[in-house]
Every structure is written in structure tokens, then in C-alpha cells.
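All remarks here apply to the structure that follows.
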Amino acid sequence: MICKHAKSTRQTRIAAALIATALGAGVTTTASAETSLNVVGSWGSLELHQKFEQPFWGETLPKASDGDITTQVTSFDQMGIASGDVFRYLGDGLFDVGMTVGDYTVSDAPELEGLDLPMMTTDTDKARAVADAFRPIAEKAMNERFNSHVLAIVPYPAQVLFCNTPISGLADLEGKKVRGSGRSTGEFLEALGAQSLNIAFNEVPGSLERGVIDCAVTGSMSGYSAGWYDVSSHMLPLPIGGWDYVITAINQDKWSSLSANEQQLIQAQVDKQFTAPVWTNAKTETQRGIACLTGKGDCPAGKPAGMTLVKPTQADVDRAHKALEDVVLPAWAGRVDADTLEQWNAGVGKIVDLQAKAP
């Protein structure tokens, strides 16, 4: 448990850093601006933040408001905030808008695991349908757990498997140490006979290089951007870590303080100028990442690497589905209430042809 003094000190440092960021960027809040938003985005080194979050919050939204909305934009890693603490601080009002992967927050909000169970969807159209169907559950969880209002749910590329040792399929994971990005992914890996370890994204390259882990799960383009190809040799392109959906939310008190026109403007701009382009990009991002990692295909992001692409078999798909249905889904169902399960089964469950029942 973190003592209140330590928590207060941490919050003070973050608040001071937010102010310094705003001043360093030459952005100040003045009486003439109707609304100012402190925005903390997801991983600053990855495409989602660089090509979508930063331009939208830093340029698109202020321009659409004719300057009535001003913003200061950074990312949680640039702020030194742990990925799982973003929504805690957002709920406390240390900043106004926050973004992080839903799976990073499940110790506080187990409901959010139901958004992104491993191998639940394998294509972007169905993944978006799942995100849309899950939004009412996410909204309730974010409001009750983090005093926040959901503005968007968008994906990283499919969360695929990187290994620093030769593999030919999922059966080869038995006995190996594998980094997963969330509790459900960890349970999925354990069901496959692997040993699951929880390691921060930015610590994975060093862990692979030192042999602390044998494999790790992340998005194809995310892995390319972070240089995972330097410390891994084989990649299996099944979304065994799901899609690592990023939830964008605004502090509920801040949201309530906005006028109806401001709320409508922000949500409309988020839907049209942020959510829609990210999902369009997601249709090709996974394959672009695979091409960049393996050298098989065009790599517009830079010099392609030479990883070995392991083609999944039907046996891999069947094994993954069995782990999801027999282990992961019941485990999640046991962590949430009956109302959440009923809503999930009526929406997401019908899309993915699964029904969750508590064990």
C-alpha cells in the first residue's frame, strides 16, 4: 500500500511536470480561452500517439473550436506516469484527458478485461464491432471506477508473438517464459503451458536480450517501432494478446463543467477526426508491421528487419480458441457481476459467438 504522503508527493510532481510541459510548449491558459485541457496520451514513441493523438489534441480540436479550446499534450511515459496509473490520476483530476490500454487497468476495473480477451477477434471489422458493443460497459466502469467519461476506444495493431528462440507454433510455448500485456493474456499463456510474466513494454527488449523471457506479446508495428527485432528472431502473427484497445477518457467533473455545445463539439471531432482515422489505419497497420519486421512486403516506416515469420496452422487456431473458451472467458466471468455478464453476452458475446458464464 502506498502511504498518503507518498501518493500526495507523486501527484504534486506530476502536476508540476504538467505545468512545466505547458509552459515549455509556450501554451498558457488565459482568461480569453473558454476551455483549457491538459491531455496525457498513450506511449509517446508509438504510431498511435505520434500520428493520431498528438495531432488531434494538439492541432485538430483547437482549430475546430476556433481557438476556444486550448490544449497541452504529452504522453504518460514522457510524464513518468506508470501505464496502470493513468486513469487513477485522471479520476483525481491531475489532468483532464487521459489515454491508456484498457488491459493495464484491470486490477482496478476487471470489467474492462471483457473488451480484449485473447483471440476473441482476428480481423479489424469484428474488432471494431466488439469495441462499439462494449462501450456501455466501458462507460459504466470508467465512470464508477475512475470518475471519467469515455470519449473513444481505438486499437493498437493485433498483439502478436515475438520470440528470441525458434518456434513453429503455439505448442512450442510450453515451458517458455512469455511476457503478456494483461491479466487475461497471462491466463491465456498459462493455459498454453507457458509461464506468464508481467513486464512493462519499455523493459521488454532488455528482458529478451538477457534471457529473462523467451517471448513477448505486442503489436506488430509497435514491436517494429520499439526495435524488438534486434532482440527476437521469430514472430507468430496470431492476435494472442488481442488488440490492446486504448481508451480515451475525460475527467467526469471536467466533462460536466463543459457546455452542451462544447461536449457536442469534442465528441463529434473525436468520432470523425480521431476514432475513424485510427480504425482505418488499423486495417493495414498489422500487415505493415509484419512486412517491416520480416522484410516480406513494403515497409514505409523504415528499413525492414529480417525476422522469421511463423505461419499459424489450424491446430494453432483451435488450440487458442480452446484456451479462450475453457480457461480465459470463465476466469473473467468470475471476476465481474451478473449485470456485466448479461450485457456482455447480449452484445459482444453475440458478435464473437461466445457466452460467458461464471465458473
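Note on naming: chains are A, B, ... as they come in the C-alpha cells, residues start from 1 per chain, ligands start from 1 in the order shown.
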Report as a VMD selection string: the residues of stretch 151-293 of chain A with a DSSP assignment of strand (DSSP E or B), based on the backbone of this structure.
-> chain A and resid 151 to 154 159 to 163 177 to 180 195 to 198 215 to 219 234 to 236 246 to 251
Exercise: A:Gln269 partners within 12 Å, only C-alpha atoms, chain neighbours under 6 positions left out, as number ranges by chain | A: 56-57, 59-65, 151-152, 262-263, 275-277
Could you give me, as CSV, every stretch 189-295 of chain A residue with an atom at most 7 Å from stretch 117-124 of chain A, plus its closest atom pair and distance in Å to one decimal, counting only C-alpha atoms, rows ordered by chain then number?
residue,atom,partner,partner_atom,distance
A:Pro239,CA,A:Met119,CA,5.7
A:Ile240,CA,A:Pro118,CA,4.9
A:Gly241,CA,A:Pro118,CA,4.9
A:Gly242,CA,A:Pro118,CA,4.6
A:Ala282,CA,A:Thr124,CA,6.8
A:Lys283,CA,A:Thr124,CA,5.9
Spatial neighbours of A:Arg135, max dist 9 Å, only C-alpha atoms, sep filter under 5 positions, as a ChimeraX atom specification | /A:115,130,140,150,152-153
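Within the 9 Å cut-off around A:Glu53, using only C-alpha atoms and omitting residues fewer than 5 positions from it on the same chain, the listed residues are Gly41, Ser42, Leu48, Gly58, Val73 and Phe274 of chain A.
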In stretch 82-214 of chain A, what's helix (DSSP H, G or I) per DSSP? Answer as a PyMOL selection string?
-> chain A and resi 83-92+102-105+110-115+124-146+170-173+183-191+201-210
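In this model, the gap between atom CA of A:Asp316 and atom CA of A:Asn202 comes to 28.2 Å.
Of the residues listed (A:Ser148, A:Thr71, A:Asn38, A:Thr284), A:Ser148 shows the shortest atom-to-atom separation from A:Ala249; distances use only C-alpha atoms.
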